[in-house]
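Asks: Below is a structure I'd like to ask you about.
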Amino acid sequence: KSKRKKKYEFKVFEETTEKFIEKKFLSGGTEDQILLVIRVAVEMSLLHQSKGHYPKFLFLDETFASSDSERRMEILNGLTKVLVSIFSQIIIISHQKEIIEKIPSFYRLNQGVIINKVIAN
């Protein structure tokens with residue numbers, strides 16, 4: 001017997017057409033935003049909210065890479081205004097200068113070596 005691997009795919013419900021859109025029809029930025037929401041939802045579901053426990057940190061690697069400037073600021077605003085009350089640390093890996101400039105505390109690395117650190121007071 002051959003074992004079939006499960007294939008996990010997601011579709012997005014589009015309200016105006018009331019239809020599901022396959023991933024292949026989404027832009028890279030939209031796909032990244034959906035994946036961000038899924039990551040946060042999975043992490044928050046790991047521990048029961050009713051018991052008042054959440055994961056201590058959220059780790060995001062290049063979350064902003066495929067988004068335009070306006071969308072980057074919206075995502076960052078959501079992270080800093082809403083999710084910061086849930087996660088004690090939000091770790092963001094980014095090469096986007098406009099994101100780095102808005103983050104109060106950061107480390108700049110060069111080939112794994114800290115070359116600059118800015119810590120908010």
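As shown in the structure tokens, the chain order sets the letters A, B, ...; within each chain, residues go from 1, and ligands are also counted from 1 in the order they appear.
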Quick one: everything within 8 Å of range 85-96 of chain A, counting only C-alpha atoms, minus sequence neighbours fewer than 5 positions away in the same chain. Send it as a list in words.

Replies: Tyr54, Pro55, Lys56, Phe57, Leu58, Phe59, Leu60, Asp61, Glu62, Thr63, Phe64, Ala65 and Leu79 of chain A

Asks: When you look at Ser69 in chain A with a cut-off of 12 Å (counting only C-alpha atoms), what residues show up, excluding the ones that are within fewer than 5 positions of it in the same chain? I need them as a list of chain:residue names.

Replies: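 Residues near the query, excluding close chain neighbours: A:Gly29, A:Phe64, A:Glu74, A:Ile75, A:Leu76, A:Gln96, A:Lys97, A:Glu98, A:Ile99.
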
Asks: Quick one: pick out all alpha helix (DSSP H) residues within range 28-103 of chain A from a backbone DSSP run and write them as number ranges by chain.

Replies: A: 28-45, 69-81, 97-102

Asks: Could those selected residues go to a file with N, CA and C atoms, as a short mmCIF file (atom, residue, chain, number, x, y, z; two decimals), in the first residue's frame?

Replies:
```
data_model
loop_
_atom_site.label_atom_id
_atom_site.label_comp_id
_atom_site.auth_asym_id
_atom_site.auth_seq_id
_atom_site.Cartn_x
_atom_site.Cartn_y
_atom_site.Cartn_z
N GLY A 28 2.18 38.06 -3.58
CA GLY A 28 3.13 37.64 -2.55
C GLY A 28 2.90 38.37 -1.24
N GLY A 29 2.58 39.66 -1.31
CA GLY A 29 2.32 40.44 -0.10
C GLY A 29 1.09 39.96 0.65
N THR A 30 0.03 39.69 -0.10
CA THR A 30 -1.21 39.19 0.52
C THR A 30 -0.97 37.83 1.16
N GLU A 31 -0.24 36.98 0.46
CA GLU A 31 0.07 35.66 1.01
C GLU A 31 0.87 35.78 2.30
N ASP A 32 1.86 36.68 2.32
CA ASP A 32 2.65 36.89 3.53
C ASP A 32 1.80 37.38 4.69
N GLN A 33 0.85 38.26 4.41
CA GLN A 33 -0.02 38.78 5.46
C GLN A 33 -0.90 37.68 6.03
N ILE A 34 -1.40 36.83 5.17
CA ILE A 34 -2.22 35.71 5.63
C ILE A 34 -1.39 34.76 6.48
N LEU A 35 -0.18 34.48 6.03
CA LEU A 35 0.70 33.60 6.80
C LEU A 35 1.05 34.20 8.16
N LEU A 36 1.19 35.52 8.24
CA LEU A 36 1.42 36.18 9.52
C LEU A 36 0.25 35.96 10.47
N VAL A 37 -0.96 36.13 9.95
CA VAL A 37 -2.16 35.92 10.77
C VAL A 37 -2.22 34.47 11.24
N ILE A 38 -1.90 33.54 10.36
CA ILE A 38 -1.92 32.13 10.74
C ILE A 38 -0.89 31.85 11.82
N ARG A 39 0.33 32.41 11.68
CA ARG A 39 1.37 32.21 12.71
C ARG A 39 0.93 32.70 14.06
N VAL A 40 0.37 33.91 14.09
CA VAL A 40 -0.07 34.48 15.36
C VAL A 40 -1.21 33.64 15.94
N ALA A 41 -2.15 33.23 15.11
CA ALA A 41 -3.28 32.42 15.59
C ALA A 41 -2.81 31.09 16.15
N VAL A 42 -1.89 30.44 15.47
CA VAL A 42 -1.37 29.15 15.96
C VAL A 42 -0.65 29.35 17.28
N GLU A 43 0.19 30.37 17.36
CA GLU A 43 0.93 30.59 18.59
C GLU A 43 -0.01 30.90 19.76
N MET A 44 -1.03 31.70 19.50
CA MET A 44 -1.98 32.03 20.57
C MET A 44 -2.82 30.83 20.97
N SER A 45 -3.03 29.89 20.05
CA SER A 45 -3.85 28.73 20.37
C SER A 45 -3.07 27.66 21.13
N SER A 69 4.84 50.01 1.59
CA SER A 69 5.15 50.84 2.76
C SER A 69 3.94 51.05 3.67
N GLU A 70 2.80 51.36 3.08
CA GLU A 70 1.59 51.60 3.88
C GLU A 70 1.20 50.35 4.66
N ARG A 71 1.23 49.20 4.01
CA ARG A 71 0.86 47.94 4.66
C ARG A 71 1.86 47.59 5.76
N ARG A 72 3.16 47.85 5.52
CA ARG A 72 4.17 47.59 6.56
C ARG A 72 3.84 48.35 7.83
N MET A 73 3.48 49.61 7.67
CA MET A 73 3.18 50.43 8.85
C MET A 73 1.92 49.94 9.55
N GLU A 74 0.93 49.48 8.80
CA GLU A 74 -0.29 48.93 9.40
C GLU A 74 0.02 47.67 10.21
N ILE A 75 0.84 46.81 9.65
CA ILE A 75 1.22 45.57 10.35
C ILE A 75 2.01 45.90 11.60
N LEU A 76 3.00 46.80 11.47
CA LEU A 76 3.81 47.19 12.62
C LEU A 76 2.96 47.83 13.70
N ASN A 77 2.00 48.65 13.31
CA ASN A 77 1.10 49.27 14.26
C ASN A 77 0.30 48.21 15.02
N GLY A 78 -0.19 47.20 14.30
CA GLY A 78 -0.91 46.11 14.95
C GLY A 78 -0.03 45.35 15.93
N LEU A 79 1.21 45.13 15.54
CA LEU A 79 2.14 44.43 16.43
C LEU A 79 2.42 45.24 17.68
N THR A 80 2.67 46.53 17.52
CA THR A 80 3.07 47.35 18.66
C THR A 80 1.92 47.82 19.53
N LYS A 81 0.73 47.90 18.96
CA LYS A 81 -0.42 48.39 19.74
C LYS A 81 -1.26 47.27 20.34
N LYS A 97 14.40 49.29 6.29
CA LYS A 97 14.88 50.43 7.08
C LYS A 97 13.73 51.15 7.80
N GLU A 98 12.60 51.34 7.11
CA GLU A 98 11.49 52.06 7.73
C GLU A 98 10.92 51.31 8.93
N ILE A 99 11.02 49.99 8.94
CA ILE A 99 10.57 49.19 10.08
C ILE A 99 11.56 49.34 11.22
N ILE A 100 12.82 49.18 10.92
CA ILE A 100 13.87 49.27 11.95
C ILE A 100 13.82 50.62 12.65
N GLU A 101 13.59 51.69 11.90
CA GLU A 101 13.56 53.03 12.48
C GLU A 101 12.38 53.23 13.43
N LYS A 102 11.32 52.44 13.30
CA LYS A 102 10.13 52.57 14.14
C LYS A 102 10.18 51.69 15.39
#
```

Asks: Which neighbours of Glu22 in chain A fall inside 12 Å, counting only C-alpha atoms, when residues of the same chain fewer than 3 positions from it are skipped, and could you give them as a ChimeraX atom specification?

Replies: /A:9-14,19,25-27,30-31

Asks: Selection from above, N, CA, C and O atoms, as a CSV table (one decimal), in the first residue's frame, can you write it?

Replies:
```
chain,number,residue,atom,x,y,z
A,9,GLU,N,-3.6,23.0,2.0
A,9,GLU,CA,-3.7,24.2,1.2
A,9,GLU,C,-4.7,25.1,1.9
A,9,GLU,O,-5.5,24.7,2.7
A,10,PHE,N,-4.5,26.4,1.6
A,10,PHE,CA,-5.5,27.3,2.2
A,10,PHE,C,-6.1,28.1,1.0
A,10,PHE,O,-5.5,28.3,0.0
A,11,LYS,N,-7.3,28.5,1.3
A,11,LYS,CA,-8.0,29.4,0.4
A,11,LYS,C,-8.5,30.6,1.2
A,11,LYS,O,-8.8,30.4,2.4
A,12,VAL,N,-8.7,31.7,0.6
A,12,VAL,CA,-9.2,32.9,1.3
A,12,VAL,C,-10.6,33.2,0.8
A,12,VAL,O,-10.8,33.3,-0.4
A,13,PHE,N,-11.4,33.5,1.7
A,13,PHE,CA,-12.8,33.9,1.4
A,13,PHE,C,-12.9,35.3,1.0
A,13,PHE,O,-12.4,36.2,1.8
A,14,GLU,N,-13.3,35.7,-0.1
A,14,GLU,CA,-13.4,37.0,-0.6
A,14,GLU,C,-14.9,37.5,-0.5
A,14,GLU,O,-15.8,36.9,-1.1
A,19,LYS,N,-16.7,34.1,-2.7
A,19,LYS,CA,-16.1,32.9,-3.2
A,19,LYS,C,-14.7,32.7,-2.5
A,19,LYS,O,-14.1,33.7,-2.0
A,25,PHE,N,-3.6,32.6,-6.7
A,25,PHE,CA,-4.1,33.8,-7.3
A,25,PHE,C,-3.8,35.0,-6.4
A,25,PHE,O,-4.3,36.1,-6.7
A,26,LEU,N,-3.2,34.8,-5.2
A,26,LEU,CA,-2.9,35.9,-4.3
A,26,LEU,C,-1.5,36.5,-4.6
A,26,LEU,O,-0.6,35.8,-5.1
A,27,SER,N,-1.3,37.8,-4.4
A,27,SER,CA,0.0,38.4,-4.5
A,27,SER,C,0.9,37.9,-3.4
A,27,SER,O,0.4,37.4,-2.4
A,30,THR,N,0.0,39.7,-0.1
A,30,THR,CA,-1.2,39.2,0.5
A,30,THR,C,-1.0,37.8,1.2
A,30,THR,O,-1.4,37.6,2.3
A,31,GLU,N,-0.2,37.0,0.5
A,31,GLU,CA,0.1,35.7,1.0
A,31,GLU,C,0.9,35.8,2.3
A,31,GLU,O,0.6,35.1,3.3
```

Asks: Which parts of chain A does DSSP call strand (DSSP E or B) when run on the backbone here, written out as a count of residues only?

Replies: 29
